[in-house]
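Participant: Input structure: input21.cif, which contains mmCIF, C-alpha atoms.
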data_my_file
#
loop_
_atom_site.group_PDB
_atom_site.id
_atom_site.type_symbol
_atom_site.label_atom_id
_atom_site.label_comp_id
_atom_site.auth_asym_id
_atom_site.auth_seq_id
_atom_site.Cartn_x
_atom_site.Cartn_y
_atom_site.Cartn_z
ATOM 1 C CA MET A 1 0.000 0.000 0.000
ATOM 2 C CA LYS A 2 1.045 3.602 -0.428
ATOM 3 C CA ARG A 3 0.885 6.640 1.768
ATOM 4 C CA VAL A 4 0.568 9.855 -0.198
ATOM 5 C CA THR A 5 1.430 13.037 1.682
ATOM 6 C CA ILE A 6 0.269 16.403 0.405
ATOM 7 C CA ILE A 7 1.379 19.746 1.830
ATOM 8 C CA CYS A 8 -0.512 22.786 0.620
ATOM 9 C CA GLU A 9 -2.206 25.987 1.650
ATOM 10 C CA SER A 10 -5.142 25.412 3.987
ATOM 11 C CA ILE A 11 -7.577 26.967 1.553
ATOM 12 C CA LEU A 12 -7.013 23.980 -0.764
ATOM 13 C CA GLU A 13 -7.909 21.358 1.841
ATOM 14 C CA GLU A 14 -11.541 21.036 0.806
ATOM 15 C CA ARG A 15 -10.685 20.783 -2.882
ATOM 16 C CA VAL A 16 -8.108 18.062 -2.219
ATOM 17 C CA ILE A 17 -10.628 16.128 -0.117
ATOM 18 C CA GLU A 18 -13.145 16.483 -2.923
ATOM 19 C CA LEU A 19 -10.564 14.946 -5.289
ATOM 20 C CA LEU A 20 -10.016 12.085 -2.814
ATOM 21 C CA ARG A 21 -13.751 11.367 -2.859
ATOM 22 C CA GLU A 22 -13.789 11.539 -6.638
ATOM 23 C CA ILE A 23 -11.087 8.891 -7.084
ATOM 24 C CA GLY A 24 -12.564 6.717 -4.334
ATOM 25 C CA ALA A 25 -9.943 7.060 -1.584
ATOM 26 C CA HIS A 26 -11.455 5.762 1.639
ATOM 27 C CA GLY A 27 -9.984 8.060 4.245
ATOM 28 C CA HIS A 28 -7.466 10.695 5.105
ATOM 29 C CA THR A 29 -6.031 12.657 7.964
ATOM 30 C CA ALA A 30 -5.224 16.364 7.924
ATOM 31 C CA PHE A 31 -3.399 18.633 10.329
ATOM 32 C CA THR A 32 -2.010 22.138 10.328
ATOM 33 C CA VAL A 33 1.726 22.621 9.840
ATOM 34 C CA ARG A 34 4.104 25.527 9.842
ATOM 35 C CA GLY A 35 6.330 25.563 6.826
ATOM 36 C CA GLY A 36 8.794 27.606 4.946
ATOM 37 C CA GLY A 37 11.159 27.470 2.061
ATOM 38 C CA HIS A 38 14.210 29.171 0.764
ATOM 39 C CA GLN A 39 15.752 30.458 -2.421
ATOM 40 C CA GLY A 40 12.584 30.852 -4.435
ATOM 41 C CA GLU A 41 12.049 27.153 -4.935
ATOM 42 C CA ARG A 42 8.580 25.650 -5.149
ATOM 43 C CA TYR A 43 8.419 24.747 -1.488
ATOM 44 C CA ALA A 44 9.154 28.375 -0.740
ATOM 45 C CA ASP A 45 5.946 29.514 -2.402
ATOM 46 C CA ILE A 46 3.971 28.135 0.492
ATOM 47 C CA THR A 47 3.367 30.920 2.950
ATOM 48 C CA GLU A 48 4.705 30.661 6.471
ATOM 49 C CA THR A 49 1.291 30.193 8.079
ATOM 50 C CA ALA A 50 -1.848 28.171 7.538
ATOM 51 C CA ASN A 51 -0.535 25.226 5.618
ATOM 52 C CA VAL A 52 -1.995 21.768 5.928
ATOM 53 C CA GLN A 53 -0.566 18.281 5.607
ATOM 54 C CA ILE A 54 -2.960 15.674 4.272
ATOM 55 C CA ASP A 55 -2.037 11.970 4.443
ATOM 56 C CA ILE A 56 -3.891 9.326 2.491
ATOM 57 C CA ILE A 57 -3.481 5.527 2.594
ATOM 58 C CA LEU A 58 -4.397 3.896 -0.681
ATOM 59 C CA LYS A 59 -3.649 1.178 -3.226
ATOM 60 C CA PRO A 60 -0.656 1.781 -5.524
ATOM 61 C CA SER A 61 -2.817 2.231 -8.625
ATOM 62 C CA MET A 62 -4.991 4.751 -6.841
ATOM 63 C CA ALA A 63 -1.944 6.565 -5.484
ATOM 64 C CA GLU A 64 -0.682 6.851 -9.062
ATOM 65 C CA GLN A 65 -4.016 8.305 -10.104
ATOM 66 C CA LEU A 66 -4.015 10.762 -7.212
ATOM 67 C CA LEU A 67 -0.492 12.006 -7.980
ATOM 68 C CA HIS A 68 -1.428 12.396 -11.643
ATOM 69 C CA ARG A 69 -4.483 14.459 -10.771
ATOM 70 C CA LEU A 70 -2.555 16.608 -8.304
ATOM 71 C CA GLN A 71 0.024 17.326 -10.965
ATOM 72 C CA ARG A 72 -2.592 18.105 -13.586
ATOM 73 C CA ASP A 73 -5.071 20.093 -11.504
ATOM 74 C CA PHE A 74 -3.036 21.794 -8.783
ATOM 75 C CA PHE A 75 0.669 21.997 -9.450
ATOM 76 C CA ALA A 76 0.570 24.623 -12.162
ATOM 77 C CA ALA A 77 -1.547 27.037 -10.175
ATOM 78 C CA TYR A 78 -0.795 26.399 -6.516
ATOM 79 C CA ALA A 79 2.079 25.918 -4.109
ATOM 80 C CA MET A 80 1.931 22.234 -3.279
ATOM 81 C CA VAL A 81 4.320 19.450 -2.317
ATOM 82 C CA ALA A 82 3.325 15.801 -2.779
ATOM 83 C CA TYR A 83 5.193 12.590 -2.146
ATOM 84 C CA GLU A 84 4.538 8.890 -1.834
ATOM 85 C CA SER A 85 6.024 6.178 0.358
ATOM 86 C CA ASP A 86 5.499 2.456 0.952
ATOM 87 C CA VAL A 87 3.583 1.336 4.010
ATOM 88 C CA ARG A 88 2.351 -2.008 5.304
ATOM 89 C CA VAL A 89 -1.197 -1.594 6.510
ATOM 90 C CA LEU A 90 -3.115 -3.725 8.973
ATOM 91 C CA ARG A 91 -6.133 -5.049 7.070
ATOM 92 C CA PRO A 92 -5.358 -3.355 3.743
ATOM 93 C CA ASP A 93 -8.624 -4.684 2.293
ATOM 94 C CA LYS A 94 -10.344 -1.814 4.071
ATOM 95 C CA PHE A 95 -8.750 0.747 1.761
ATOM 96 C CA MET B 1 13.962 -0.019 12.298
ATOM 97 C CA LYS B 2 10.223 0.446 11.882
ATOM 98 C CA ARG B 3 7.903 3.354 12.351
ATOM 99 C CA VAL B 4 4.408 2.289 13.343
ATOM 100 C CA THR B 5 1.679 4.886 12.839
ATOM 101 C CA ILE B 6 -1.642 4.554 14.626
ATOM 102 C CA ILE B 7 -4.666 6.751 13.965
ATOM 103 C CA CYS B 8 -7.532 6.441 16.409
ATOM 104 C CA GLU B 9 -10.020 8.305 18.523
ATOM 105 C CA SER B 10 -8.376 10.520 21.116
ATOM 106 C CA ILE B 11 -10.050 8.663 23.954
ATOM 107 C CA LEU B 12 -7.873 5.642 23.114
ATOM 108 C CA GLU B 13 -4.567 7.534 23.357
ATOM 109 C CA GLU B 14 -3.868 6.587 26.963
ATOM 110 C CA ARG B 15 -4.696 2.947 26.383
ATOM 111 C CA VAL B 16 -2.394 2.777 23.365
ATOM 112 C CA ILE B 17 0.412 4.396 25.350
ATOM 113 C CA GLU B 18 -0.163 1.861 28.109
ATOM 114 C CA LEU B 19 0.253 -0.893 25.511
ATOM 115 C CA LEU B 20 3.499 0.731 24.321
ATOM 116 C CA ARG B 21 4.832 0.635 27.872
ATOM 117 C CA GLU B 22 3.745 -2.956 28.259
ATOM 118 C CA ILE B 23 5.680 -4.163 25.199
ATOM 119 C CA GLY B 24 8.691 -2.011 26.093
ATOM 120 C CA ALA B 25 8.582 0.639 23.341
ATOM 121 C CA HIS B 26 10.885 3.466 24.348
ATOM 122 C CA GLY B 27 9.078 6.532 23.070
ATOM 123 C CA HIS B 28 6.321 7.935 20.943
ATOM 124 C CA THR B 29 4.895 11.151 19.619
ATOM 125 C CA ALA B 30 1.218 12.018 19.422
ATOM 126 C CA PHE B 31 -0.669 14.853 17.786
ATOM 127 C CA THR B 32 -4.255 15.688 16.990
ATOM 128 C CA VAL B 33 -5.492 15.210 13.425
ATOM 129 C CA ARG B 34 -8.668 15.871 11.562
ATOM 130 C CA GLY B 35 -9.846 12.892 9.621
ATOM 131 C CA GLY B 36 -12.698 11.525 7.683
ATOM 132 C CA GLY B 37 -13.715 8.607 5.581
ATOM 133 C CA HIS B 38 -16.200 7.705 2.925
ATOM 134 C CA GLN B 39 -18.472 4.891 1.860
ATOM 135 C CA GLY B 40 -18.805 3.162 5.194
ATOM 136 C CA GLU B 41 -15.282 1.781 5.195
ATOM 137 C CA ARG B 42 -13.318 1.280 8.395
ATOM 138 C CA TYR B 43 -11.511 4.590 8.125
ATOM 139 C CA ALA B 44 -14.927 6.214 7.945
ATOM 140 C CA ASP B 45 -15.841 5.022 11.410
ATOM 141 C CA ILE B 46 -13.447 7.543 12.880
ATOM 142 C CA THR B 47 -15.378 10.646 13.714
ATOM 143 C CA GLU B 48 -14.476 13.928 12.068
ATOM 144 C CA THR B 49 -13.026 15.483 15.212
ATOM 145 C CA ALA B 50 -10.715 14.557 18.044
ATOM 146 C CA ASN B 51 -8.601 11.903 16.426
ATOM 147 C CA VAL B 52 -4.988 11.361 17.277
ATOM 148 C CA GLN B 53 -1.985 10.095 15.325
ATOM 149 C CA ILE B 54 0.586 8.218 17.387
ATOM 150 C CA ASP B 55 3.989 7.416 15.861
ATOM 151 C CA ILE B 56 6.365 4.921 17.418
ATOM 152 C CA ILE B 57 9.929 4.017 16.406
ATOM 153 C CA LEU B 58 10.838 0.472 17.310
ATOM 154 C CA LYS B 59 12.659 -2.701 16.338
ATOM 155 C CA PRO B 60 11.006 -4.873 13.673
ATOM 156 C CA SER B 61 10.199 -7.671 16.120
ATOM 157 C CA MET B 62 8.629 -5.223 18.522
ATOM 158 C CA ALA B 63 6.671 -3.566 15.699
ATOM 159 C CA GLU B 64 5.300 -6.979 14.803
ATOM 160 C CA GLN B 65 4.268 -7.494 18.400
ATOM 161 C CA LEU B 66 2.627 -4.080 18.559
ATOM 162 C CA LEU B 67 0.629 -4.629 15.365
ATOM 163 C CA HIS B 68 -0.475 -8.033 16.646
ATOM 164 C CA ARG B 69 -1.693 -6.555 19.917
ATOM 165 C CA LEU B 70 -3.477 -3.677 18.151
ATOM 166 C CA GLN B 71 -5.269 -6.172 15.956
ATOM 167 C CA ARG B 72 -6.197 -8.399 18.876
ATOM 168 C CA ASP B 73 -7.134 -5.784 21.468
ATOM 169 C CA PHE B 74 -8.445 -2.785 19.522
ATOM 170 C CA PHE B 75 -9.460 -3.519 15.951
ATOM 171 C CA ALA B 76 -12.612 -5.459 16.685
ATOM 172 C CA ALA B 77 -14.049 -2.847 19.009
ATOM 173 C CA TYR B 78 -12.679 0.489 17.875
ATOM 174 C CA ALA B 79 -12.124 2.570 14.763
ATOM 175 C CA MET B 80 -8.381 2.436 14.247
ATOM 176 C CA VAL B 81 -5.919 2.563 11.370
ATOM 177 C CA ALA B 82 -2.384 1.222 11.800
ATOM 178 C CA TYR B 83 0.513 0.925 9.393
ATOM 179 C CA GLU B 84 4.242 0.312 9.422
ATOM 180 C CA SER B 85 7.097 1.671 7.328
ATOM 181 C CA ASP B 86 10.868 1.306 7.209
ATOM 182 C CA VAL B 87 13.047 4.059 8.658
ATOM 183 C CA ARG B 88 16.751 4.489 9.232
ATOM 184 C CA VAL B 89 17.283 5.902 12.704
ATOM 185 C CA LEU B 90 20.246 7.801 14.056
ATOM 186 C CA ARG B 91 21.595 5.751 16.956
ATOM 187 C CA PRO B 92 19.008 2.945 16.746
ATOM 188 C CA ASP B 93 20.498 1.331 19.853
ATOM 189 C CA LYS B 94 18.498 3.853 21.839
ATOM 190 C CA PHE B 95 15.195 2.188 20.890
ATOM 191 C CA MET C 1 14.561 11.332 -2.416
ATOM 192 C CA LYS C 2 14.659 11.178 1.347
ATOM 193 C CA ARG C 3 12.405 12.462 4.078
ATOM 194 C CA VAL C 4 14.274 13.284 7.255
ATOM 195 C CA THR C 5 12.151 13.575 10.389
ATOM 196 C CA ILE C 6 13.482 15.337 13.457
ATOM 197 C CA ILE C 7 11.761 15.370 16.845
ATOM 198 C CA CYS C 8 13.175 17.760 19.419
ATOM 199 C CA GLU C 9 12.341 20.363 22.006
ATOM 200 C CA SER C 10 10.571 23.384 20.532
ATOM 201 C CA ILE C 11 13.330 25.714 21.646
ATOM 202 C CA LEU C 12 15.623 24.042 19.090
ATOM 203 C CA GLU C 13 13.307 24.649 16.124
ATOM 204 C CA GLU C 14 14.967 27.862 14.998
ATOM 205 C CA ARG C 15 18.462 26.395 15.262
ATOM 206 C CA VAL C 16 17.467 23.351 13.222
ATOM 207 C CA ILE C 17 15.913 25.581 10.566
ATOM 208 C CA GLU C 18 19.101 27.614 10.505
ATOM 209 C CA LEU C 19 21.024 24.389 9.853
ATOM 210 C CA LEU C 20 18.615 23.526 7.013
ATOM 211 C CA ARG C 21 19.334 26.883 5.414
ATOM 212 C CA GLU C 22 23.051 26.386 5.879
ATOM 213 C CA ILE C 23 23.116 23.054 4.039
ATOM 214 C CA GLY C 24 20.761 24.360 1.337
ATOM 215 C CA ALA C 25 17.587 22.366 2.090
ATOM 216 C CA HIS C 26 14.728 23.976 0.198
ATOM 217 C CA GLY C 27 11.831 23.594 2.563
ATOM 218 C CA HIS C 28 10.438 22.009 5.665
ATOM 219 C CA THR C 29 7.290 21.600 7.681
ATOM 220 C CA ALA C 30 7.056 21.770 11.458
ATOM 221 C CA PHE C 31 4.293 20.997 13.906
ATOM 222 C CA THR C 32 3.915 20.557 17.634
ATOM 223 C CA VAL C 33 3.721 17.048 19.055
ATOM 224 C CA ARG C 34 3.210 15.538 22.446
ATOM 225 C CA GLY C 35 5.756 12.920 23.263
ATOM 226 C CA GLY C 36 7.113 10.813 25.994
ATOM 227 C CA GLY C 37 9.532 8.056 26.692
ATOM 228 C CA HIS C 38 10.203 5.386 29.198
ATOM 229 C CA GLN C 39 13.029 3.716 31.077
ATOM 230 C CA GLY C 40 15.527 6.518 30.837
ATOM 231 C CA GLU C 41 16.250 6.028 27.148
ATOM 232 C CA ARG C 42 17.147 8.908 24.881
ATOM 233 C CA TYR C 43 13.594 9.442 23.691
ATOM 234 C CA ALA C 44 12.628 9.800 27.332
ATOM 235 C CA ASP C 45 14.760 12.876 27.751
ATOM 236 C CA ILE C 46 12.328 14.871 25.675
ATOM 237 C CA THR C 47 9.902 16.543 28.023
ATOM 238 C CA GLU C 48 6.236 15.720 27.821
ATOM 239 C CA THR C 49 5.237 19.094 26.391
ATOM 240 C CA ALA C 50 6.397 21.518 23.741
ATOM 241 C CA ASN C 51 8.169 19.203 21.346
ATOM 242 C CA VAL C 52 8.244 19.769 17.639
ATOM 243 C CA GLN C 53 8.443 17.453 14.626
ATOM 244 C CA ILE C 54 10.285 18.861 11.639
ATOM 245 C CA ASP C 55 10.085 17.059 8.283
ATOM 246 C CA ILE C 56 12.431 17.832 5.425
ATOM 247 C CA ILE C 57 12.408 16.478 1.858
ATOM 248 C CA LEU C 58 15.861 16.411 0.319
ATOM 249 C CA LYS C 59 18.320 14.610 -1.922
ATOM 250 C CA PRO C 60 20.043 11.529 -0.405
ATOM 251 C CA SER C 61 23.458 13.214 -0.263
ATOM 252 C CA MET C 62 21.985 16.220 1.497
ATOM 253 C CA ALA C 63 20.051 13.990 3.893
ATOM 254 C CA GLU C 64 23.337 12.297 4.768
ATOM 255 C CA GLN C 65 24.880 15.684 5.421
ATOM 256 C CA LEU C 66 21.939 16.774 7.572
ATOM 257 C CA LEU C 67 22.041 13.611 9.699
ATOM 258 C CA HIS C 68 25.782 14.018 10.136
ATOM 259 C CA ARG C 69 25.387 17.597 11.320
ATOM 260 C CA LEU C 70 22.528 16.697 13.675
ATOM 261 C CA GLN C 71 24.679 14.002 15.224
ATOM 262 C CA ARG C 72 27.684 16.289 15.543
ATOM 263 C CA ASP C 73 25.996 19.499 16.672
ATOM 264 C CA PHE C 74 22.897 18.434 18.594
ATOM 265 C CA PHE C 75 22.906 14.836 19.760
ATOM 266 C CA ALA C 76 25.474 15.154 22.484
ATOM 267 C CA ALA C 77 23.798 18.120 24.137
ATOM 268 C CA TYR C 78 20.088 17.824 23.397
ATOM 269 C CA ALA C 79 17.254 15.343 23.462
ATOM 270 C CA MET C 80 16.601 14.672 19.795
ATOM 271 C CA VAL C 81 15.341 11.829 17.627
ATOM 272 C CA ALA C 82 16.100 11.772 13.890
ATOM 273 C CA TYR C 83 15.286 9.260 11.195
ATOM 274 C CA GLU C 84 15.232 8.996 7.432
ATOM 275 C CA SER C 85 12.911 7.232 4.995
ATOM 276 C CA ASP C 86 12.566 6.877 1.242
ATOM 277 C CA VAL C 87 9.922 8.900 -0.573
ATOM 278 C CA ARG C 88 8.991 9.414 -4.200
ATOM 279 C CA VAL C 89 8.413 13.111 -4.780
ATOM 280 C CA LEU C 90 6.400 14.793 -7.502
ATOM 281 C CA ARG C 91 8.856 17.015 -9.380
ATOM 282 C CA PRO C 92 11.933 16.185 -7.285
ATOM 283 C CA ASP C 93 13.972 18.705 -9.272
ATOM 284 C CA LYS C 94 12.423 21.367 -7.060
ATOM 285 C CA PHE C 95 14.321 20.122 -4.013
#
Please re-express this file's structure in structure tokens.

Facilitator:
Amino acid sequence: MKRVTIICESILEERVIELLREIGAHGHTAFTVRGGGHQGERYADITETANVQIDIILKPSMAEQLLHRLQRDFFAAYAMVAYESDVRVLRPDKF
Amino acid sequence: MKRVTIICESILEERVIELLREIGAHGHTAFTVRGGGHQGERYADITETANVQIDIILKPSMAEQLLHRLQRDFFAAYAMVAYESDVRVLRPDKF
Amino acid sequence: MKRVTIICESILEERVIELLREIGAHGHTAFTVRGGGHQGERYADITETANVQIDIILKPSMAEQLLHRLQRDFFAAYAMVAYESDVRVLRPDKF
């Protein structure tokens, strides 16, 4: 299974969760983070306050679909960081 | 080393930490998360507010033991998500 | 790419971020966690309140450099936990 982590401005949280519903992801967690960046890189575009981290557990194929949609629908217009890692989930059939 | 992540209702935090003590895990972090689920799946059972994420760094054998105990003692009765991932820890002898 | 996670007392947050700037890391997130430890192990040195988790996405060579500096500059004097994991980042060229 995959864990996809998204870091973005808080105002995007609802739109990301709407995307999760659309692709059929079965759950997520979200929490507020402080964040900053340096040297004008992408990460730096995210303002110092009111960012959110959203974590989603999902099947590899669905993770692929989520990352594709994030890239297509959000990355051009918004400050956003997204990454994926491997996790072993108890009772993965629930996701 | 392994990182085990547990997401559950906040009222279970103390009981999970008691379990960590019981199996000899040497530390944890906990923080409040928002979370939601869809379509009646397990993740969805967790209410929208007052959830907690607990992360624990521990040896693979101890992670296995923790996941077994979570499954046995919590999963039947409570809304809980648990997963494990590989991490490389500075000075792992401390855990 | 690597994700380095640092857990330390909140009073060290600014110094860690200064180190990130120094080695050229392009962004981080930080958030407050509760944490505790048992049995006098390292993790236990971190007080129950006012800890912070700092996550940084960076290239493997830079992660190595960061872990080295944490070990050299912080581990002897402060309660700190640090670990690294593998992540697949959307548009890793930004980091």

Participant: For chain A, report every residue with an atom at most 6 Å from chain B (counting all atoms listed in the file), formatted as number ranges by chain.

Facilitator: A: 26-31, 87-90

Participant: Quick one: write out the picked residues with C-alpha atoms as an mmCIF file, keeping the file's coordinate frame?

Facilitator:
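Contents of again-v1.cif, freshly written:
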data_model
loop_
_atom_site.group_PDB
_atom_site.id
_atom_site.type_symbol
_atom_site.label_atom_id
_atom_site.label_comp_id
_atom_site.auth_asym_id
_atom_site.auth_seq_id
_atom_site.Cartn_x
_atom_site.Cartn_y
_atom_site.Cartn_z
ATOM 1 C CA HIS A 26 -11.455 5.762 1.639
ATOM 2 C CA GLY A 27 -9.984 8.060 4.245
ATOM 3 C CA HIS A 28 -7.466 10.695 5.105
ATOM 4 C CA THR A 29 -6.031 12.657 7.964
ATOM 5 C CA ALA A 30 -5.224 16.364 7.924
ATOM 6 C CA PHE A 31 -3.399 18.633 10.329
ATOM 7 C CA VAL A 87 3.583 1.336 4.010
ATOM 8 C CA ARG A 88 2.351 -2.008 5.304
ATOM 9 C CA VAL A 89 -1.197 -1.594 6.510
ATOM 10 C CA LEU A 90 -3.115 -3.725 8.973
#

Participant: Hey, could you lay chain C over chain A with a least-squares C-alpha fit (all atoms, paired in order) and save it as an mmCIF file with C-alpha atoms, in the frame of the given file?

Facilitator:
data_model
loop_
_atom_site.group_PDB
_atom_site.id
_atom_site.type_symbol
_atom_site.label_atom_id
_atom_site.label_comp_id
_atom_site.auth_asym_id
_atom_site.auth_seq_id
_atom_site.Cartn_x
_atom_site.Cartn_y
_atom_site.Cartn_z
ATOM 1 C CA MET C 1 0.000 0.001 -0.005
ATOM 2 C CA LYS C 2 1.056 3.592 -0.431
ATOM 3 C CA ARG C 3 0.898 6.645 1.770
ATOM 4 C CA VAL C 4 0.570 9.853 -0.195
ATOM 5 C CA THR C 5 1.435 13.035 1.686
ATOM 6 C CA ILE C 6 0.278 16.399 0.409
ATOM 7 C CA ILE C 7 1.382 19.746 1.833
ATOM 8 C CA CYS C 8 -0.510 22.791 0.614
ATOM 9 C CA GLU C 9 -2.209 25.988 1.639
ATOM 10 C CA SER C 10 -5.143 25.407 3.981
ATOM 11 C CA ILE C 11 -7.572 26.975 1.548
ATOM 12 C CA LEU C 12 -7.008 23.990 -0.768
ATOM 13 C CA GLU C 13 -7.912 21.370 1.848
ATOM 14 C CA GLU C 14 -11.542 21.043 0.818
ATOM 15 C CA ARG C 15 -10.689 20.789 -2.876
ATOM 16 C CA VAL C 16 -8.116 18.076 -2.217
ATOM 17 C CA ILE C 17 -10.624 16.141 -0.117
ATOM 18 C CA GLU C 18 -13.134 16.483 -2.925
ATOM 19 C CA LEU C 19 -10.556 14.953 -5.278
ATOM 20 C CA LEU C 20 -10.012 12.080 -2.815
ATOM 21 C CA ARG C 21 -13.731 11.369 -2.858
ATOM 22 C CA GLU C 22 -13.792 11.550 -6.632
ATOM 23 C CA ILE C 23 -11.080 8.916 -7.078
ATOM 24 C CA GLY C 24 -12.579 6.730 -4.334
ATOM 25 C CA ALA C 25 -9.938 7.067 -1.590
ATOM 26 C CA HIS C 26 -11.440 5.761 1.633
ATOM 27 C CA GLY C 27 -9.987 8.058 4.231
ATOM 28 C CA HIS C 28 -7.469 10.700 5.098
ATOM 29 C CA THR C 29 -6.033 12.662 7.967
ATOM 30 C CA ALA C 30 -5.225 16.362 7.918
ATOM 31 C CA PHE C 31 -3.402 18.634 10.315
ATOM 32 C CA THR C 32 -1.999 22.136 10.315
ATOM 33 C CA VAL C 33 1.730 22.616 9.831
ATOM 34 C CA ARG C 34 4.094 25.523 9.819
ATOM 35 C CA GLY C 35 6.346 25.544 6.831
ATOM 36 C CA GLY C 36 8.790 27.590 4.939
ATOM 37 C CA GLY C 37 11.168 27.466 2.063
ATOM 38 C CA HIS C 38 14.213 29.176 0.774
ATOM 39 C CA GLN C 39 15.775 30.455 -2.424
ATOM 40 C CA GLY C 40 12.608 30.847 -4.416
ATOM 41 C CA GLU C 41 12.041 27.131 -4.907
ATOM 42 C CA ARG C 42 8.580 25.645 -5.147
ATOM 43 C CA TYR C 43 8.399 24.768 -1.470
ATOM 44 C CA ALA C 44 9.122 28.413 -0.757
ATOM 45 C CA ASP C 45 5.921 29.525 -2.399
ATOM 46 C CA ILE C 46 3.932 28.124 0.480
ATOM 47 C CA THR C 47 3.340 30.913 2.943
ATOM 48 C CA GLU C 48 4.715 30.646 6.435
ATOM 49 C CA THR C 49 1.321 30.168 8.072
ATOM 50 C CA ALA C 50 -1.845 28.186 7.531
ATOM 51 C CA ASN C 51 -0.537 25.212 5.613
ATOM 52 C CA VAL C 52 -2.003 21.774 5.929
ATOM 53 C CA GLN C 53 -0.571 18.263 5.609
ATOM 54 C CA ILE C 54 -2.971 15.669 4.263
ATOM 55 C CA ASP C 55 -2.044 11.973 4.444
ATOM 56 C CA ILE C 56 -3.894 9.322 2.491
ATOM 57 C CA ILE C 57 -3.478 5.530 2.587
ATOM 58 C CA LEU C 58 -4.396 3.895 -0.697
ATOM 59 C CA LYS C 59 -3.660 1.176 -3.221
ATOM 60 C CA PRO C 60 -0.650 1.785 -5.530
ATOM 61 C CA SER C 61 -2.818 2.225 -8.634
ATOM 62 C CA MET C 62 -4.993 4.751 -6.848
ATOM 63 C CA ALA C 63 -1.939 6.567 -5.494
ATOM 64 C CA GLU C 64 -0.684 6.853 -9.068
ATOM 65 C CA GLN C 65 -4.021 8.294 -10.100
ATOM 66 C CA LEU C 66 -4.017 10.763 -7.207
ATOM 67 C CA LEU C 67 -0.496 12.002 -7.983
ATOM 68 C CA HIS C 68 -1.430 12.386 -11.634
ATOM 69 C CA ARG C 69 -4.481 14.462 -10.772
ATOM 70 C CA LEU C 70 -2.544 16.615 -8.293
ATOM 71 C CA GLN C 71 0.031 17.338 -10.964
ATOM 72 C CA ARG C 72 -2.596 18.118 -13.582
ATOM 73 C CA ASP C 73 -5.083 20.096 -11.501
ATOM 74 C CA PHE C 74 -3.054 21.797 -8.778
ATOM 75 C CA PHE C 75 0.662 22.000 -9.454
ATOM 76 C CA ALA C 76 0.581 24.615 -12.151
ATOM 77 C CA ALA C 77 -1.547 27.036 -10.163
ATOM 78 C CA TYR C 78 -0.799 26.386 -6.500
ATOM 79 C CA ALA C 79 2.077 25.921 -4.112
ATOM 80 C CA MET C 80 1.928 22.232 -3.280
ATOM 81 C CA VAL C 81 4.325 19.457 -2.317
ATOM 82 C CA ALA C 82 3.327 15.804 -2.770
ATOM 83 C CA TYR C 83 5.200 12.588 -2.151
ATOM 84 C CA GLU C 84 4.535 8.888 -1.835
ATOM 85 C CA SER C 85 6.022 6.170 0.365
ATOM 86 C CA ASP C 86 5.496 2.468 0.952
ATOM 87 C CA VAL C 87 3.582 1.334 4.022
ATOM 88 C CA ARG C 88 2.362 -2.002 5.314
ATOM 89 C CA VAL C 89 -1.204 -1.592 6.519
ATOM 90 C CA LEU C 90 -3.127 -3.714 8.988
ATOM 91 C CA ARG C 91 -6.136 -5.051 7.077
ATOM 92 C CA PRO C 92 -5.366 -3.357 3.748
ATOM 93 C CA ASP C 93 -8.614 -4.708 2.304
ATOM 94 C CA LYS C 94 -10.337 -1.830 4.073
ATOM 95 C CA PHE C 95 -8.731 0.721 1.761
#

Participant: Taking all atoms of region 84-87 of chain B that the file lists and extending 6 Å past them on each side, where is the centre of the axis-aligned box and how long are its edges? Answer in Å to one decimal, as JSON.

Facilitator:
{"center_x": 8.6, "center_y": 2.2, "center_z": 8.3, "size_x": 20.8, "size_y": 15.7, "size_z": 14.2}

Participant: Evaluate the PyMOL selection byres ((chain A and resi 58) around 7) against this structure - the residues, as a PyMOL selection string, please.

Facilitator: chain A and resi 1-3+25+56-57+59-60+62-63+95

Participant: Which distance in Å separates CA of Ile6 (chain B) and CA of Asp93 (chain A), to one decimal?

Facilitator: 16.9 Å
